[in-house]
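Q: Pasting a structure below so you can have a look.
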Amino acid sequence: MTEPAETQTVDTPESAEADATEAASDIDLETLNATLEYIRPALQADGGDMILLGVEGGRVNLQLVGACGGCPMSTMTLTAGIERILRDRVEGVTEVVAI
């Protein structure tokens, strides 16, 4: 009987990128997205919205758009509102940054 041939795994750019994203983030993206959807109606009520740009480690990068994008209170909304809620509900979030 012959021995089975050894199989080699070849890393493609897509698989390497997926591995790097998983390793770089300890945040459950499903929980993060659900929490952002929970927050979103409050922003939309004032004519704004947010876009999730990405996650790096424990940092969540958002873009505030619409009325929120140019609002002088957007920093307060981000830290006292969005960041506080995300830290409470999503394990691993350490910081929220508006880009």
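Quick note on naming: the chains in the structure tokens go A, B, ... in the order shown, residues restart at 1 in each chain, and ligands are numbered from 1 in order of appearance.
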Near region 43-49 of chain A, within 6 Å and counting only C-alpha atoms, which residues show up once chain neighbours fewer than 2 positions away are dropped, as number ranges by chain?
A: A: 40-41, 64-68
Q: Which residues come within 9 Å of region 57-63 of chain A, counting only C-alpha atoms, excluding same-chain residues fewer than 4 positions away, as a PyMOL selection string?
A: chain A and resi 21+23-27+49-53+69+83+91-99
Q: Just to confirm, what's the straight-line distance from CA of Asp88 (chain A) to CA of Gly70 (chain A) in Å (one decimal)?
A: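 CA of Gly70 (chain A) lies 26.5 Å from CA of Asp88 (chain A).
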